[in-house]
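Read through the structure below, which is laid out as structure tokens, and then see the notes.
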Amino acid sequence: MYARVWKVRVRPGKLDELRAELAALMGLAHRQQGYRGSLALVSDKSDAPEVTLIGVWDSLDEMRGSERNLFLMQAISRVLLCTEGFPQITEHEIIVGSLFAAEKAAT
């Protein structure tokens, strides 16, 4: 699996607006082939916090496919409404992970 990681600085007073934009993007994201889910992490409670967004995909090809069908451009344009500057975006291979396991391991 692969992840696209974004780092953004939220404009003062725009965290709730960013939260709403990200929620709206989730419906579009789930229609993308290979999309597995995402997390949005806020670093602090300041008026202009840093936010890290992590989108998880089945494969590198499927993740990059979201660039070709313009999903990534739609996402960037919506996020830019609430952030300072362009997001820093990186790609990562996931080598180990177990978020939100359906069942807890037996002890």
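How things are named: the first chain in the structure tokens is A, the next is B, and so on; residues count from 1 in each chain; ligands count from 1 in the order shown.
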Residue list (strand (DSSP E), DSSP) for chain A, as an mmCIF file with N, CA and C atoms, in the first residue's frame:
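New file result-v6.cif:
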data_model
loop_
_atom_site.group_PDB
_atom_site.id
_atom_site.type_symbol
_atom_site.label_atom_id
_atom_site.label_comp_id
_atom_site.auth_asym_id
_atom_site.auth_seq_id
_atom_site.Cartn_x
_atom_site.Cartn_y
_atom_site.Cartn_z
ATOM 1 N N TYR A 2 0.272 2.350 -0.386
ATOM 2 C CA TYR A 2 0.995 3.610 -0.510
ATOM 3 C C TYR A 2 0.194 4.728 0.134
ATOM 4 N N ALA A 3 0.894 5.782 0.507
ATOM 5 C CA ALA A 3 0.242 6.939 1.119
ATOM 6 C C ALA A 3 0.721 8.216 0.452
ATOM 7 N N ARG A 4 -0.215 9.124 0.284
ATOM 8 C CA ARG A 4 0.110 10.491 -0.128
ATOM 9 C C ARG A 4 -0.063 11.331 1.133
ATOM 10 N N VAL A 5 1.001 12.031 1.522
ATOM 11 C CA VAL A 5 0.999 12.807 2.756
ATOM 12 C C VAL A 5 1.086 14.288 2.412
ATOM 13 N N TRP A 6 0.166 15.052 2.964
ATOM 14 C CA TRP A 6 0.131 16.508 2.767
ATOM 15 C C TRP A 6 0.432 17.182 4.097
ATOM 16 N N LYS A 7 1.175 18.267 4.033
ATOM 17 C CA LYS A 7 1.370 19.126 5.201
ATOM 18 C C LYS A 7 0.932 20.526 4.785
ATOM 19 N N VAL A 8 0.031 21.096 5.588
ATOM 20 C CA VAL A 8 -0.487 22.433 5.299
ATOM 21 C C VAL A 8 -0.537 23.251 6.580
ATOM 22 N N ARG A 9 -0.446 24.558 6.421
ATOM 23 C CA ARG A 9 -0.649 25.490 7.530
ATOM 24 C C ARG A 9 -2.007 26.150 7.296
ATOM 25 N N VAL A 10 -2.893 26.001 8.262
ATOM 26 C CA VAL A 10 -4.245 26.532 8.140
ATOM 27 C C VAL A 10 -4.214 28.042 8.372
ATOM 28 N N TYR A 35 -8.511 3.643 -3.527
ATOM 29 C CA TYR A 35 -8.477 4.486 -2.320
ATOM 30 C C TYR A 35 -8.942 3.664 -1.124
ATOM 31 N N ARG A 36 -8.180 3.717 -0.020
ATOM 32 C CA ARG A 36 -8.495 2.915 1.164
ATOM 33 C C ARG A 36 -9.012 3.735 2.333
ATOM 34 N N GLY A 37 -8.637 4.992 2.409
ATOM 35 C CA GLY A 37 -9.069 5.827 3.529
ATOM 36 C C GLY A 37 -8.045 6.898 3.808
ATOM 37 N N SER A 38 -8.332 7.703 4.829
ATOM 38 C CA SER A 38 -7.422 8.805 5.134
ATOM 39 C C SER A 38 -7.545 9.232 6.591
ATOM 40 N N LEU A 39 -6.581 10.013 6.999
ATOM 41 C CA LEU A 39 -6.554 10.635 8.320
ATOM 42 C C LEU A 39 -6.166 12.093 8.151
ATOM 43 N N ALA A 40 -6.716 12.953 8.983
ATOM 44 C CA ALA A 40 -6.289 14.350 9.054
ATOM 45 C C ALA A 40 -5.876 14.603 10.501
ATOM 46 N N LEU A 41 -4.633 15.007 10.686
ATOM 47 C CA LEU A 41 -4.065 15.204 12.022
ATOM 48 C C LEU A 41 -3.742 16.682 12.217
ATOM 49 N N VAL A 42 -4.208 17.254 13.314
ATOM 50 C CA VAL A 42 -3.899 18.653 13.615
ATOM 51 C C VAL A 42 -2.843 18.688 14.709
ATOM 52 N N GLU A 50 -0.859 23.547 12.087
ATOM 53 C CA GLU A 50 -0.377 22.728 10.983
ATOM 54 C C GLU A 50 -1.237 21.470 10.934
ATOM 55 N N VAL A 51 -1.606 21.053 9.732
ATOM 56 C CA VAL A 51 -2.413 19.851 9.550
ATOM 57 C C VAL A 51 -1.659 18.904 8.622
ATOM 58 N N THR A 52 -1.641 17.639 8.988
ATOM 59 C CA THR A 52 -1.070 16.592 8.158
ATOM 60 C C THR A 52 -2.211 15.707 7.679
ATOM 61 N N LEU A 53 -2.300 15.518 6.371
ATOM 62 C CA LEU A 53 -3.326 14.675 5.771
ATOM 63 C C LEU A 53 -2.638 13.441 5.194
ATOM 64 N N ILE A 54 -3.190 12.274 5.474
ATOM 65 C CA ILE A 54 -2.615 11.027 4.983
ATOM 66 C C ILE A 54 -3.706 10.264 4.242
ATOM 67 N N GLY A 55 -3.521 10.085 2.942
ATOM 68 C CA GLY A 55 -4.440 9.291 2.127
ATOM 69 C C GLY A 55 -3.775 7.973 1.780
ATOM 70 N N VAL A 56 -4.491 6.868 1.951
ATOM 71 C CA VAL A 56 -3.918 5.531 1.746
ATOM 72 C C VAL A 56 -4.543 4.896 0.500
ATOM 73 N N TRP A 57 -3.675 4.278 -0.307
ATOM 74 C CA TRP A 57 -4.070 3.684 -1.585
ATOM 75 C C TRP A 57 -3.524 2.265 -1.683
ATOM 76 N N THR A 83 -5.891 27.345 3.474
ATOM 77 C CA THR A 83 -4.510 27.194 3.930
ATOM 78 C C THR A 83 -3.609 28.291 3.377
ATOM 79 N N GLU A 84 -2.452 28.404 4.001
ATOM 80 C CA GLU A 84 -1.440 29.364 3.564
ATOM 81 C C GLU A 84 -0.483 28.659 2.616
ATOM 82 N N GLY A 85 -0.433 29.108 1.396
ATOM 83 C CA GLY A 85 0.487 28.517 0.438
ATOM 84 C C GLY A 85 0.042 27.157 -0.054
ATOM 85 N N PHE A 86 0.857 26.601 -0.923
ATOM 86 C CA PHE A 86 0.582 25.312 -1.538
ATOM 87 C C PHE A 86 0.954 24.202 -0.567
ATOM 88 N N PRO A 87 0.169 23.122 -0.506
ATOM 89 C CA PRO A 87 0.525 22.027 0.401
ATOM 90 C C PRO A 87 1.825 21.342 -0.012
ATOM 91 N N GLN A 88 2.572 20.924 0.983
ATOM 92 C CA GLN A 88 3.749 20.087 0.731
ATOM 93 C C GLN A 88 3.214 18.661 0.608
ATOM 94 N N ILE A 89 3.422 18.028 -0.552
ATOM 95 C CA ILE A 89 2.854 16.705 -0.810
ATOM 96 C C ILE A 89 3.988 15.728 -1.111
ATOM 97 N N THR A 90 3.982 14.597 -0.393
ATOM 98 C CA THR A 90 4.977 13.558 -0.617
ATOM 99 C C THR A 90 4.269 12.206 -0.753
ATOM 100 N N GLU A 91 4.970 11.260 -1.373
ATOM 101 C CA GLU A 91 4.457 9.902 -1.529
ATOM 102 C C GLU A 91 5.312 8.953 -0.705
ATOM 103 N N HIS A 92 4.651 7.965 -0.108
ATOM 104 C CA HIS A 92 5.358 7.014 0.743
ATOM 105 C C HIS A 92 4.825 5.607 0.512
ATOM 106 N N GLU A 93 5.700 4.620 0.580
ATOM 107 C CA GLU A 93 5.254 3.232 0.605
ATOM 108 C C GLU A 93 4.993 2.871 2.060
#
**OP:** Could you find all residues in chain A that DSSP calls helix (DSSP H, G or I) from the backbone, and write them as a ChimeraX atom specification?
**Re:** /A:15-29,60-68,71-80
Contacts of stretch 66-73 of chain A at 10 Å or less, counting only C-alpha atoms, minus same-chain residues fewer than 6 places along, as a PDB file with C-alpha atoms, in the first residue's frame?
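Final output, saved to selection.pdb:
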ATOM      1  CA  LEU A  25     -13.735  15.466  -0.331  1.00  0.00           C
ATOM      2  CA  LEU A  28     -15.112  11.975  -3.965  1.00  0.00           C
ATOM      3  CA  ALA A  29     -12.109  10.090  -2.593  1.00  0.00           C
ATOM      4  CA  ARG A  31     -15.049   6.810  -5.608  1.00  0.00           C
ATOM      5  CA  GLN A  32     -11.384   6.631  -6.615  1.00  0.00           C
ATOM      6  CA  GLN A  33     -10.091   3.211  -7.590  1.00  0.00           C
ATOM      7  CA  GLY A  34      -7.703   1.852  -4.979  1.00  0.00           C
ATOM      8  CA  TYR A  35      -8.477   4.486  -2.320  1.00  0.00           C
ATOM      9  CA  VAL A  79      -7.706  22.809   0.509  1.00  0.00           C
TER      10      VAL A  79
END
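Atom to atom, atom CA of A:Pro12 and atom CA of A:Ser77 stand 18.1 Å apart.
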**OP:** For A:Cys82, please output as a PyMOL selection string all residues within 8 Å (counting only C-alpha atoms; exclusion window: fewer than 3 positions along the same chain).
**Re:** chain A and resi 10-11+14-15+17-18+78-79
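Here atom CA of A:Asp61 stands at a distance of 14.2 Å from atom CA of A:Ile94.
With only C-alpha atoms as the atoms that count, the residue of A:Ser98, A:Gln74, A:Ser59, A:Ser46 with the shortest distance to A:Glu21 is A:Gln74.
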